[in-house]
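S.K.: Just dropping this structure here.
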Amino acid sequence: MRQDFKELTIQTSSARGFYDITKEIVNFVSSSGIESGLITLYIKHTSASLLINENYDPDVLVDMETFFSSIIPDGSSQMIHTAEGPDDMPAHIRSALTQTHLSIPVFEGNLQIGQWQGIFVYEHRLSRHNRKITIHIIGE
């Protein structure tokens, strides 16, 4: 068994949204030399998440954000936790409804995602952040 580890830092812009990290993950798998195994991604934050979603039509990501904005509006009077602003608690709820980690098989040295799938950091806050993603691969 072999393994490799990396921490990836993504600088998000000043807007909520999706940041495609597929190329970075594919490159990490390729450089690891592992032919068969499992890669795990884990985001170290409570107001951002990881998603696998369509990376072909950008309208998919627009629709995803429209949906989340409709069910978890910023500034809701129902929210008590607003220590960092009106998007604070909604960001935590978004994170709870999505994923903080992903596990993806590696076979024949390739990340096993579909043709139209991409891996995204989903920033839930409205301000700029440095998001840290731990990447671990294990296999042969």
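Residue names in the structure tokens use chain letters A, B, ... in the order shown, residue numbers from 1 in each chain, and ligand numbers from 1 in the order shown.
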I'd like the contact shell of range 69-74 of chain A - 9 Å cut-off, only C-alpha atoms, skipping same-chain residues fewer than 3 positions apart - returned as a compact mmCIF listing (two decimals) with C-alpha atoms, in the first residue's frame.

M.R.:
# COMPACT_ATOMS: atom_id res chain seq x y z
CA MET A 64 -27.92 25.35 -7.60
CA GLU A 65 -27.22 28.74 -6.01
CA THR A 66 -30.73 29.98 -6.87
CA GLY A 85 -23.08 38.97 9.47
CA PRO A 86 -26.40 38.02 7.86
CA ASP A 87 -24.79 35.24 5.77
CA ASP A 88 -23.18 33.56 8.81
CA MET A 89 -25.81 31.04 9.93
CA PRO A 90 -27.10 30.43 6.39
CA ALA A 91 -23.53 29.43 5.46
CA ILE A 93 -26.83 25.44 7.19
CA ARG A 94 -25.68 25.20 3.56

S.K.: Contacts of range 109-120 of chain A at 6 Å or less, counting only C-alpha atoms, minus same-chain residues fewer than 2 places along, as a list of chain:residue names?

M.R.: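 My reading of the contact set: A:Phe18, A:Tyr19, A:Asp20, A:Ile21, A:Thr22, A:Ile34, A:Glu35, A:Leu50, A:Leu51, A:Ile52, A:Asn53, A:Glu54, A:Asn55, A:Tyr56, A:Pro105, A:Val106, A:Phe107, A:Tyr122.
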
S.K.: Hey, can you spit out that residue selection with C-alpha atoms as an mmCIF file, in the first residue's frame?

M.R.:
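Full text of selection-v8.cif as output:
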data_model
loop_
_atom_site.group_PDB
_atom_site.id
_atom_site.type_symbol
_atom_site.label_atom_id
_atom_site.label_comp_id
_atom_site.auth_asym_id
_atom_site.auth_seq_id
_atom_site.Cartn_x
_atom_site.Cartn_y
_atom_site.Cartn_z
ATOM 1 C CA PHE A 18 -18.509 27.461 -6.945
ATOM 2 C CA TYR A 19 -14.782 26.961 -7.526
ATOM 3 C CA ASP A 20 -13.802 24.100 -9.834
ATOM 4 C CA ILE A 21 -10.861 22.150 -8.376
ATOM 5 C CA THR A 22 -11.127 19.140 -10.700
ATOM 6 C CA ILE A 34 -1.229 5.156 -7.560
ATOM 7 C CA GLU A 35 -3.027 2.959 -10.091
ATOM 8 C CA LEU A 50 -17.396 20.153 -1.468
ATOM 9 C CA LEU A 51 -19.637 19.013 -4.302
ATOM 10 C CA ILE A 52 -19.501 16.822 -7.351
ATOM 11 C CA ASN A 53 -21.753 18.323 -9.975
ATOM 12 C CA GLU A 54 -22.022 19.005 -13.688
ATOM 13 C CA ASN A 55 -19.108 21.016 -15.051
ATOM 14 C CA TYR A 56 -20.304 21.363 -18.658
ATOM 15 C CA PRO A 105 -12.206 5.674 -6.532
ATOM 16 C CA VAL A 106 -9.004 5.651 -8.564
ATOM 17 C CA PHE A 107 -8.664 2.952 -11.226
ATOM 18 C CA TYR A 122 -18.865 25.688 -2.733
#

S.K.: Counting only C-alpha atoms, which residue out of A:Asp4, A:Glu108, A:Glu84, A:Asp63 sits closest to Gly17 in chain A?

M.R.: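 Smallest distance to Gly17 in chain A is found for A:Asp63.
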
S.K.: Between CA of Ala48 in chain A and CA of Arg125 in chain A, what is the spacing in Å?

M.R.: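 Pair CA of Arg125 in chain A / CA of Ala48 in chain A returns 7.5 Å.
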
S.K.: Among range 30-80 of chain A, which residues carry a DSSP assignment of helix (DSSP H, G or I), reported as an NGL selection string?

M.R.: :A and (30-32 or 59-71)

S.K.: Write to file, as a PDB file, in the first residue's frame, the residues of the selection just made, with N, CA and C atoms.

M.R.:
ATOM      1  N   SER A  30      -2.599  11.836 -10.668  1.00  0.00           N
ATOM      2  CA  SER A  30      -1.594  11.479 -11.671  1.00  0.00           C
ATOM      3  C   SER A  30      -0.186  11.478 -11.090  1.00  0.00           C
ATOM      4  N   SER A  31       0.135  12.493 -10.305  1.00  0.00           N
ATOM      5  CA  SER A  31       1.491  12.591  -9.741  1.00  0.00           C
ATOM      6  C   SER A  31       1.742  11.596  -8.614  1.00  0.00           C
ATOM      7  N   SER A  32       0.682  11.041  -8.037  1.00  0.00           N
ATOM      8  CA  SER A  32       0.840  10.089  -6.929  1.00  0.00           C
ATOM      9  C   SER A  32       1.401   8.747  -7.396  1.00  0.00           C
ATOM     10  N   ASP A  59     -25.040  26.883 -16.275  1.00  0.00           N
ATOM     11  CA  ASP A  59     -26.377  27.160 -15.750  1.00  0.00           C
ATOM     12  C   ASP A  59     -26.726  26.246 -14.575  1.00  0.00           C
ATOM     13  N   VAL A  60     -26.145  25.051 -14.542  1.00  0.00           N
ATOM     14  CA  VAL A  60     -26.402  24.125 -13.444  1.00  0.00           C
ATOM     15  C   VAL A  60     -25.982  24.765 -12.129  1.00  0.00           C
ATOM     16  N   LEU A  61     -24.802  25.381 -12.109  1.00  0.00           N
ATOM     17  CA  LEU A  61     -24.306  25.995 -10.881  1.00  0.00           C
ATOM     18  C   LEU A  61     -25.118  27.236 -10.514  1.00  0.00           C
ATOM     19  N   VAL A  62     -25.569  27.979 -11.499  1.00  0.00           N
ATOM     20  CA  VAL A  62     -26.445  29.130 -11.242  1.00  0.00           C
ATOM     21  C   VAL A  62     -27.749  28.636 -10.610  1.00  0.00           C
ATOM     22  N   ASP A  63     -28.317  27.577 -11.157  1.00  0.00           N
ATOM     23  CA  ASP A  63     -29.561  27.026 -10.614  1.00  0.00           C
ATOM     24  C   ASP A  63     -29.366  26.466  -9.205  1.00  0.00           C
ATOM     25  N   MET A  64     -28.203  25.855  -8.949  1.00  0.00           N
ATOM     26  CA  MET A  64     -27.915  25.351  -7.602  1.00  0.00           C
ATOM     27  C   MET A  64     -27.941  26.503  -6.593  1.00  0.00           C
ATOM     28  N   GLU A  65     -27.259  27.594  -6.924  1.00  0.00           N
ATOM     29  CA  GLU A  65     -27.223  28.744  -6.015  1.00  0.00           C
ATOM     30  C   GLU A  65     -28.607  29.369  -5.865  1.00  0.00           C
ATOM     31  N   THR A  66     -29.368  29.445  -6.945  1.00  0.00           N
ATOM     32  CA  THR A  66     -30.727  29.983  -6.867  1.00  0.00           C
ATOM     33  C   THR A  66     -31.573  29.154  -5.911  1.00  0.00           C
ATOM     34  N   PHE A  67     -31.445  27.836  -6.005  1.00  0.00           N
ATOM     35  CA  PHE A  67     -32.195  26.942  -5.122  1.00  0.00           C
ATOM     36  C   PHE A  67     -31.807  27.164  -3.664  1.00  0.00           C
ATOM     37  N   PHE A  68     -30.493  27.137  -3.377  1.00  0.00           N
ATOM     38  CA  PHE A  68     -30.061  27.309  -1.987  1.00  0.00           C
ATOM     39  C   PHE A  68     -30.449  28.679  -1.444  1.00  0.00           C
ATOM     40  N   SER A  69     -30.377  29.707  -2.265  1.00  0.00           N
ATOM     41  CA  SER A  69     -30.776  31.046  -1.822  1.00  0.00           C
ATOM     42  C   SER A  69     -32.262  31.110  -1.485  1.00  0.00           C
ATOM     43  N   SER A  70     -33.060  30.322  -2.191  1.00  0.00           N
ATOM     44  CA  SER A  70     -34.502  30.353  -1.929  1.00  0.00           C
ATOM     45  C   SER A  70     -34.868  29.613  -0.647  1.00  0.00           C
ATOM     46  N   ILE A  71     -34.137  28.554  -0.308  1.00  0.00           N
ATOM     47  CA  ILE A  71     -34.484  27.798   0.907  1.00  0.00           C
ATOM     48  C   ILE A  71     -33.732  28.288   2.141  1.00  0.00           C
TER      49      ILE A  71
END

S.K.: Considering only C-alpha atoms, tabulate each residue of range 25-140 of chain A that lies at most 12 Å from range 7-13 of chain A along with its nearest interatomic pair and the corresponding distance in Å to one decimal; arrange the rows by chain and ascending residue number and present them as JSON lines.

M.R.:
{"residue": "A:Ile25", "atom": "CA", "partner": "A:Leu8", "partner_atom": "CA", "distance": 9.3}
{"residue": "A:Phe28", "atom": "CA", "partner": "A:Leu8", "partner_atom": "CA", "distance": 10.2}
{"residue": "A:Thr40", "atom": "CA", "partner": "A:Glu7", "partner_atom": "CA", "distance": 11.6}
{"residue": "A:Leu41", "atom": "CA", "partner": "A:Glu7", "partner_atom": "CA", "distance": 9.5}
{"residue": "A:Tyr42", "atom": "CA", "partner": "A:Glu7", "partner_atom": "CA", "distance": 9.5}
{"residue": "A:Ile43", "atom": "CA", "partner": "A:Leu8", "partner_atom": "CA", "distance": 9.4}
{"residue": "A:Lys44", "atom": "CA", "partner": "A:Glu7", "partner_atom": "CA", "distance": 10.1}
{"residue": "A:His45", "atom": "CA", "partner": "A:Thr9", "partner_atom": "CA", "distance": 11.8}
{"residue": "A:Ala48", "atom": "CA", "partner": "A:Thr12", "partner_atom": "CA", "distance": 10.2}
{"residue": "A:Leu50", "atom": "CA", "partner": "A:Ile10", "partner_atom": "CA", "distance": 11.9}
{"residue": "A:Phe120", "atom": "CA", "partner": "A:Ile10", "partner_atom": "CA", "distance": 10.6}
{"residue": "A:Val121", "atom": "CA", "partner": "A:Ile10", "partner_atom": "CA", "distance": 8.2}
{"residue": "A:Tyr122", "atom": "CA", "partner": "A:Thr12", "partner_atom": "CA", "distance": 9.3}
{"residue": "A:Glu123", "atom": "CA", "partner": "A:Thr12", "partner_atom": "CA", "distance": 7.1}
{"residue": "A:His124", "atom": "CA", "partner": "A:Thr12", "partner_atom": "CA", "distance": 10.1}
{"residue": "A:Arg125", "atom": "CA", "partner": "A:Thr12", "partner_atom": "CA", "distance": 9.5}
{"residue": "A:Leu126", "atom": "CA", "partner": "A:Ser13", "partner_atom": "CA", "distance": 8.6}
{"residue": "A:Ser127", "atom": "CA", "partner": "A:Ser13", "partner_atom": "CA", "distance": 7.0}
{"residue": "A:Arg128", "atom": "CA", "partner": "A:Ser13", "partner_atom": "CA", "distance": 4.9}
{"residue": "A:His129", "atom": "CA", "partner": "A:Thr12", "partner_atom": "CA", "distance": 5.4}
{"residue": "A:Asn130", "atom": "CA", "partner": "A:Gln11", "partner_atom": "CA", "distance": 4.5}
{"residue": "A:Arg131", "atom": "CA", "partner": "A:Ile10", "partner_atom": "CA", "distance": 5.1}
{"residue": "A:Lys132", "atom": "CA", "partner": "A:Thr9", "partner_atom": "CA", "distance": 4.5}
{"residue": "A:Ile133", "atom": "CA", "partner": "A:Leu8", "partner_atom": "CA", "distance": 5.1}
{"residue": "A:Thr134", "atom": "CA", "partner": "A:Glu7", "partner_atom": "CA", "distance": 4.6}
{"residue": "A:Ile135", "atom": "CA", "partner": "A:Glu7", "partner_atom": "CA", "distance": 6.0}
{"residue": "A:His136", "atom": "CA", "partner": "A:Glu7", "partner_atom": "CA", "distance": 8.7}
{"residue": "A:Ile137", "atom": "CA", "partner": "A:Glu7", "partner_atom": "CA", "distance": 11.9}

S.K.: Rounded to one decimal, what separation in Å do you get between CA of Leu38 in chain A and CA of Gln3 in chain A?

M.R.: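 Distance reported for this atom pair: 9.6 Å.
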
S.K.: What are the DSSP strand (DSSP E) residues of range 56-136 of chain A, as a list in words?

M.R.: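 After running DSSP on the backbone, range 56-136 of chain A has strand (DSSP E) at His101, Leu102, Ser103, Ile104, Pro105, Val106, Phe107, Asn110, Leu111, Gln117, Gly118, Ile119, Phe120, Val121, Tyr122, Glu123, Asn130, Arg131, Lys132, Ile133, Thr134, Ile135 and His136 of chain A.
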
S.K.: In Å, how far is it from CA of Ser14 in chain A to CA of Val26 in chain A?

M.R.: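 CA of Val26 in chain A lies at a distance of 26.4 Å from CA of Ser14 in chain A.
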